[in-house]
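**Student:** My structure is stored as data04.cif, with mmCIF, C-alpha atoms.
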```cif
data_upload
#
loop_
_atom_site.label_atom_id
_atom_site.label_comp_id
_atom_site.auth_asym_id
_atom_site.auth_seq_id
_atom_site.Cartn_x
_atom_site.Cartn_y
_atom_site.Cartn_z
CA MET M 1 -9.45 21.40 29.26
CA LEU M 2 -10.32 17.91 28.12
CA THR M 3 -7.75 15.16 28.43
CA GLY M 4 -7.37 11.42 27.91
CA ALA M 5 -10.37 9.23 28.56
CA ASN M 6 -12.82 12.05 29.22
CA LYS M 7 -12.36 13.19 25.58
CA LEU M 8 -13.58 9.79 24.47
CA ASP M 9 -16.42 9.76 26.99
CA LEU M 10 -17.52 13.18 25.82
CA ALA M 11 -17.44 12.20 22.17
CA SER M 12 -18.98 8.76 22.55
CA HIS M 13 -21.30 8.69 25.52
CA ALA M 14 -21.74 11.82 27.61
CA ILE M 15 -23.98 13.91 25.37
CA PRO M 16 -25.64 11.76 22.73
CA GLY M 17 -28.73 14.02 22.39
CA ASN M 18 -27.02 17.41 22.08
CA LYS M 19 -27.30 19.30 18.79
CA GLU M 20 -24.35 21.62 19.47
CA LEU M 21 -20.90 20.93 20.86
CA ASP M 22 -18.22 23.58 21.34
CA LEU M 23 -14.78 22.14 22.07
CA SER M 24 -12.88 25.25 20.98
CA GLY M 25 -9.64 26.11 22.70
CA ASN M 26 -8.84 22.52 23.63
CA PRO M 27 -5.49 21.81 21.96
CA GLY M 28 -5.15 18.10 21.38
CA VAL M 29 -8.87 17.32 21.79
CA MET M 30 -8.65 15.26 18.61
CA ASP M 31 -5.34 13.66 19.64
CA VAL M 32 -6.54 10.27 20.77
CA SER M 33 -3.72 8.21 19.34
CA GLY M 34 -4.52 4.51 19.48
CA ASP M 35 -8.08 5.02 20.76
CA PHE M 36 -11.37 4.79 18.94
CA VAL M 37 -13.59 7.84 18.75
CA ASP M 38 -17.17 7.03 17.89
CA TRP M 39 -18.30 10.41 16.57
CA TYR M 40 -21.04 8.72 14.57
CA LEU M 41 -22.79 7.88 17.87
CA LEU M 42 -23.64 11.57 18.27
CA THR M 43 -26.61 11.09 15.97
CA HIS M 44 -28.28 14.43 16.81
CA LEU M 45 -25.16 16.59 16.62
CA GLU M 46 -25.66 19.32 14.03
CA GLU M 47 -22.97 21.84 14.98
CA LEU M 48 -19.40 21.11 16.07
CA VAL M 49 -16.86 23.81 16.95
CA LEU M 50 -13.22 22.69 16.98
CA ALA M 51 -11.72 26.18 16.71
CA ASN M 52 -8.12 26.56 17.89
CA CYS M 53 -7.79 22.89 18.80
CA GLY M 54 -4.68 22.10 16.76
CA VAL M 55 -6.63 19.73 14.51
CA THR M 56 -4.34 18.15 11.89
CA SER M 57 -5.26 16.93 8.42
CA ARG M 58 -4.82 13.35 9.62
CA GLN M 59 -7.22 13.87 12.52
CA LEU M 60 -9.72 15.56 10.20
CA LYS M 61 -9.48 12.63 7.79
CA CYS M 62 -10.25 10.23 10.62
CA PHE M 63 -13.15 12.35 11.85
CA ALA M 64 -14.62 12.67 8.36
CA GLY M 65 -14.45 8.88 7.97
CA CYS M 66 -17.01 8.35 10.74
CA PRO M 67 -18.68 11.72 11.35
CA PRO M 68 -21.85 12.49 13.27
CA PRO M 69 -24.55 11.65 10.70
CA SER M 70 -26.54 14.89 11.19
CA LEU M 71 -23.61 17.32 11.17
CA LYS M 72 -24.55 20.55 9.37
CA LYS M 73 -21.93 23.01 10.62
CA LEU M 74 -18.24 22.40 11.25
CA ASP M 75 -16.03 25.19 12.60
CA LEU M 76 -12.32 24.50 12.18
CA SER M 77 -11.20 28.13 12.66
CA GLY M 78 -7.64 28.67 13.79
CA ASN M 79 -6.42 25.18 12.89
CA ARG M 80 -3.59 26.13 10.55
CA GLY M 81 -2.61 23.28 8.29
CA VAL M 82 -5.86 21.37 8.82
CA LEU M 83 -6.17 20.98 5.04
CA ASP M 84 -2.53 20.06 4.46
CA VAL M 85 -2.57 17.17 2.00
CA SER M 86 1.19 16.88 1.57
CA SER M 87 1.16 13.79 3.81
CA GLY M 88 -1.46 12.12 1.62
CA ASP M 89 -4.25 12.61 4.16
CA PHE M 90 -7.06 13.48 1.76
CA VAL M 91 -10.37 14.02 3.52
CA ASP M 92 -13.43 12.39 1.95
CA TRP M 93 -15.78 15.31 2.52
CA HIS M 94 -18.62 13.41 0.80
CA LEU M 95 -19.15 11.40 3.99
CA LEU M 96 -20.24 14.67 5.58
CA GLU M 97 -23.27 14.53 3.30
CA HIS M 98 -25.40 16.98 5.32
CA LEU M 99 -22.70 19.60 5.87
CA GLU M 100 -24.15 23.03 5.09
CA GLU M 101 -21.52 25.32 6.57
CA LEU M 102 -17.75 24.96 6.84
CA ILE M 103 -15.70 27.57 8.68
CA LEU M 104 -11.97 27.72 7.91
CA ALA M 105 -11.10 31.22 9.18
CA ASN M 106 -7.44 31.58 10.19
CA CYS M 107 -6.58 28.18 8.71
CA ALA M 108 -4.10 29.53 6.13
CA VAL M 109 -5.83 27.70 3.27
CA THR M 110 -3.68 27.68 0.13
CA ALA M 111 -4.88 27.76 -3.47
CA VAL M 112 -3.93 24.09 -3.96
CA GLN M 113 -5.83 23.09 -0.81
CA MET M 114 -8.86 25.10 -1.92
CA GLU M 115 -8.89 23.42 -5.34
CA SER M 116 -8.76 20.00 -3.68
CA LEU M 117 -11.51 20.97 -1.24
CA MET M 118 -13.77 22.22 -4.04
CA GLU M 119 -13.47 18.85 -5.81
CA LEU M 120 -14.46 16.90 -2.70
CA LEU M 121 -16.90 19.15 -0.82
CA PRO M 122 -20.44 17.75 -0.73
CA GLY M 123 -23.12 19.56 -2.68
CA SER M 124 -25.01 20.26 0.54
CA THR M 125 -22.36 22.79 1.59
CA ALA M 126 -23.83 26.20 0.86
CA LEU M 127 -21.62 28.43 3.03
CA LEU M 128 -17.83 28.48 3.22
CA ASP M 129 -16.29 30.99 5.60
CA LEU M 130 -12.58 31.58 5.04
CA GLY M 131 -12.41 34.61 7.32
CA SER M 132 -11.37 38.11 6.42
CA GLU M 133 -7.63 37.36 6.66
CA SER M 134 -7.88 35.28 3.49
CA ARG M 135 -9.17 38.10 1.28
CA ASP M 136 -5.86 38.62 -0.53
CA ALA M 137 -5.00 34.94 -0.91
CA THR M 138 -8.47 33.55 -1.63
CA PRO M 139 -8.36 31.35 -4.72
CA SER M 140 -11.60 32.78 -6.09
CA ASP M 141 -11.29 30.89 -9.39
CA ALA M 142 -11.66 27.53 -7.63
CA LEU M 143 -14.54 28.82 -5.52
CA GLU M 144 -16.36 30.32 -8.47
CA ALA M 145 -15.87 27.16 -10.54
CA ALA M 146 -17.59 25.24 -7.72
CA GLY M 147 -20.56 27.62 -7.86
CA PHE M 148 -19.66 29.85 -4.91
CA THR M 149 -20.08 33.60 -4.97
CA GLY M 150 -18.65 35.68 -2.21
CA HIS M 151 -17.22 38.72 -0.64
CA HIS M 152 -13.46 39.03 -0.59
CA GLN M 153 -13.64 41.43 2.36
CA SER M 154 -15.60 39.13 4.65
CA GLY M 155 -14.24 35.83 3.35
CA ARG M 156 -17.77 34.38 3.28
CA TRP M 157 -18.67 32.44 0.13
CA GLN M 158 -22.12 31.06 -0.67
CA ARG M 159 -23.71 28.84 -3.31
CA PRO M 160 -27.12 27.31 -3.89
CA VAL M 161 -27.51 23.97 -2.16
CA GLN M 162 -26.84 21.07 -4.48
CA HIS M 163 -27.61 17.49 -3.80
CA SER M 164 -24.47 15.49 -4.26
CA ALA M 165 -24.69 12.72 -6.80
CA ARG M 166 -22.24 10.83 -4.67
CA ILE M 167 -24.07 9.68 -1.54
CA ALA M 168 -22.10 8.23 1.32
CA GLU M 169 -22.11 4.50 1.69
CA SER M 170 -24.06 3.00 4.55
CA ARG M 171 -22.58 3.75 7.93
CA ALA M 172 -23.90 0.56 9.45
CA GLY M 173 -21.44 -1.04 11.75
CA PRO M 174 -18.45 1.31 11.94
CA ALA M 175 -16.44 0.51 15.02
CA GLY M 176 -14.93 3.96 15.25
CA CYS M 177 -11.94 5.61 13.78
CA LEU M 178 -8.43 4.66 14.74
CA ILE M 179 -5.75 7.31 14.76
CA ALA M 180 -2.43 5.56 14.66
#
```
So that I can check it, write out the structure of this file as structure tokens.
**Tutor:**
Amino acid sequence: MLTGANKLDLASHAIPGNKELDLSGNPGVMDVSGDFVDWYLLTHLEELVLANCGVTSRQLKCFAGCPPPSLKKLDLSGNRGVLDVSSGDFVDWHLLEHLEELILANCAVTAVQMESLMELLPGSTALLDLGSESRDATPSDALEAAGFTGHHQSGRWQRPVQHSARIAESRAGPAGCLIA
């Protein structure tokens, strides 16, 4: 289990060349209140697994504000409420401009959250995995309007890759992301 300073070391310095990082099962791994996490320093990171880590919408917003620039796959499975926008913590998914796959299995995504996500998800995202538990509650209208086609049984939705017209601003000089 990762705690305190070694979470920051891991994120910022320990593995700058790795393409994959699995932090699943580490509750609180994103809870670095008052500290800066320089995720953008992991320039080669393409796949990040944060399954069952208790990631909140506020932590996700912070992460998405300074993400690893090469991130293609983000697994947030088992983080119920990670898309909760009731607190006003809207994630700017467009900063994850290379994201190809987003996994939200067992995240209890609501129809309202899905509609918001579809408006903000970058065009590069071609695969959205909501898991099989979402098959009865999947807001397929929002998914289909965003160009996704899928299988209600598997919870996997796909669309042709689009290139977002909204490209992220330059990341030059971010000092990190502060979680208050």
**Student:** Applying the PyMOL selection byres ((chain M and resi 160) around 10) to the file I just gave you, which residues come out? Please list them as a PDB file with C-alpha atoms, in the frame of the given file.
**Tutor:**
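Just written: selection.pdb:
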```
ATOM      1  CA  GLY M 123     -23.120  19.560  -2.680  1.00  0.00           C
ATOM      2  CA  SER M 124     -25.010  20.260   0.540  1.00  0.00           C
ATOM      3  CA  THR M 125     -22.360  22.790   1.590  1.00  0.00           C
ATOM      4  CA  ALA M 126     -23.830  26.200   0.860  1.00  0.00           C
ATOM      5  CA  LEU M 127     -21.620  28.430   3.030  1.00  0.00           C
ATOM      6  CA  GLY M 147     -20.560  27.620  -7.860  1.00  0.00           C
ATOM      7  CA  PHE M 148     -19.660  29.850  -4.910  1.00  0.00           C
ATOM      8  CA  THR M 149     -20.080  33.600  -4.970  1.00  0.00           C
ATOM      9  CA  GLN M 158     -22.120  31.060  -0.670  1.00  0.00           C
ATOM     10  CA  ARG M 159     -23.710  28.840  -3.310  1.00  0.00           C
ATOM     11  CA  VAL M 161     -27.510  23.970  -2.160  1.00  0.00           C
ATOM     12  CA  GLN M 162     -26.840  21.070  -4.480  1.00  0.00           C
ATOM     13  CA  HIS M 163     -27.610  17.490  -3.800  1.00  0.00           C
TER      14      HIS M 163
END
```
**Student:** List the residues matched by the PyMOL selection byres ((chain M and resi 150) around 12) in the displayed structure as a PyMOL selection string, ordered by chain and then by residue number.
**Tutor:** chain M and resi 126-132+135+138-141+143-144+146-149+151-159
**Student:** Name the closest residue to Lys72 of chain M among the candidates M:Val85, M:Leu60, M:Ala51, M:Ile103; distances are taken between atoms, counting only C-alpha atoms.
**Tutor:**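 Among the listed residues, the smallest separation from Lys72 of chain M belongs to M:Ile103.
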**Student:** Can you pull out the residues contacting Ala142 of chain M? Cut-off 8 Å, using all atoms listed in the file, and skip same-chain residues under 4 positions away; I want them as a list of chain:residue names.
**Tutor:** M:Ala111, M:Met114, M:Glu115, M:Met118, M:Ala146
**Student:** Report the residues retrieved by the PyMOL selection byres ((chain M and resi 19) around 12) from the displayed file, expressed as a list in words.
**Tutor:**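 Listing what the PyMOL selection byres ((chain M and resi 19) around 12) selects in the shown file: Ile15, Pro16, Gly17, Asn18, Glu20, Leu21, Asp22, Leu42, Thr43, His44, Leu45, Glu46, Glu47, Leu48, Val49, Pro68, Pro69, Ser70, Leu71, Lys72 and Lys73 of chain M.
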**Student:** Find, counting only C-alpha atoms, the residue in M:Asp92, M:Asp38, M:Glu119, M:Glu100 that gets nearest to Lys61 of chain M.
**Tutor:**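 Looking at the shortest contact to Lys61 of chain M, the residue is M:Asp92.
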**Student:** In Å, rounded to a single decimal, give me how far atom CA of Trp39 of chain M is from atom CA of Val109 of chain M.
**Tutor:**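 Rounded to one decimal, the two atoms are 25.1 Å apart.
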**Student:** Just the number, please: distance in Å from atom CA of Gly65 of chain M to atom CA of Asp84 of chain M, one decimal.
**Tutor:**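 It comes out at 16.7 Å.
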